[in-house]
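Novice: Just dropping this structure here.
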Amino acid sequence: MIPEIEKILVSQEEIAAKVQELGSRISADYKGSELLVIGILKGAAIFMSDLVRSIEGAVAFDFMAVSSYGASTESSGVVRIVKDLDQSIEGRHVLIVEDVVDTGLTLNYLVDNLRSRNPASLKLCSLLDKPSRRKVEVKADYLGFEIPDEFVVGYGLDYSERFRTLPYVAVLKPEVYQK
Ligand code: IMP
């Protein structure tokens, strides 16, 4: 464990087991149809790369980037598409993959936006959920772990672009934020 970490909330082993479990459920639910997985950059990139390899059957993927926190740990509530999809999703089975549902503002906006493009179906998969922070109603169809209201890093999640490559999900020591 690196010195900036206060505690590990979800271990590497727990993540690996959950990714397999979610992959099996998704494989069964989409059996026989091609799935388009849309990862929300950058936080979902690591989770998504593991998840798509645990899904059996035809899977295509694409990415979107939206503006979020910047360097702070509080949501601005402003959602803006920074990178859009490379392809049309009309008539396709789409699964959005996100790192964490916090206030829900980002996913609420994305779901509305993508639904207006007429996919055949649209579902959500999130590695983490912080239900106590919700400002708008959003529910993941596939969820990894519910966590308390704490700012977390690792397995794709960052604080000021740091700590994304940690193999676990962890809480930082308070002094890290004071620097
Ligand atoms: P929401 O719009 O408030 O639900 O926030 C979603 C986005 O905020 C996530 O995709 C993350 O990029 C970021 N975020 C929310 N909570 C955390 C956290 O605990 N650690 C790192 N990023 C977070």
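Residues in the structure tokens are numbered from 1 in each chain, the chains being A, B, ... in the order shown, and ligands are numbered from 1 in the order shown.
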Name the residues, by chain letter and number, that sit within 9 Å of ligand 1 using only C-alpha atoms and all ligand atoms, and give them as a ChimeraX atom specification.

Specialist: /A:40-44,66-69,73-79,98-109,128-130,133-136,138,149-154,156-159,171

Novice: Separation of CA of Ser126 (chain A) and CA of Gly144 (chain A), in Å?

Specialist: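 Between CA of Ser126 (chain A) and CA of Gly144 (chain A) the gap works out to 6.3 Å.
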
Novice: Which of these, A:Met64, A:Glu14, A:Ile8, A:Leu143, has the shortest distance to Ile81 (chain A) once you count only C-alpha atoms?

Specialist: A:Met64

Novice: Quick one: pull the distance between CA of Ser160 (chain A) and CA of Gln178 (chain A), Å, one decimal.

Specialist: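 That distance, rounded to one decimal, is 12.5 Å.
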
Novice: Between A:Lys31, A:Val111, A:Ile38, A:Phe63, single out the one closest to Glu137 (chain A), counting only C-alpha atoms.

Specialist: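 Answer, going by the shortest atom-to-atom distance: A:Val111.
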
Novice: Please report, as a PyMOL selection string, each residue of region 33-66 of chain A to which DSSP assigns alpha helix (DSSP H) when run on this structure's backbone.

Specialist: chain A and resi 45-53

Novice: Report the residues of chain A whose backbone DSSP state falls under strand (DSSP E), written as a ChimeraX atom specification.

Specialist: /A:5-10,35-41,59-66,81-83,93-101,121-129,142-146,152-153,169-172

Novice: How many Å separate CA of Tyr168 (chain A) from CA of Ile2 (chain A)?

Specialist: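 So the answer is 11.3 Å.
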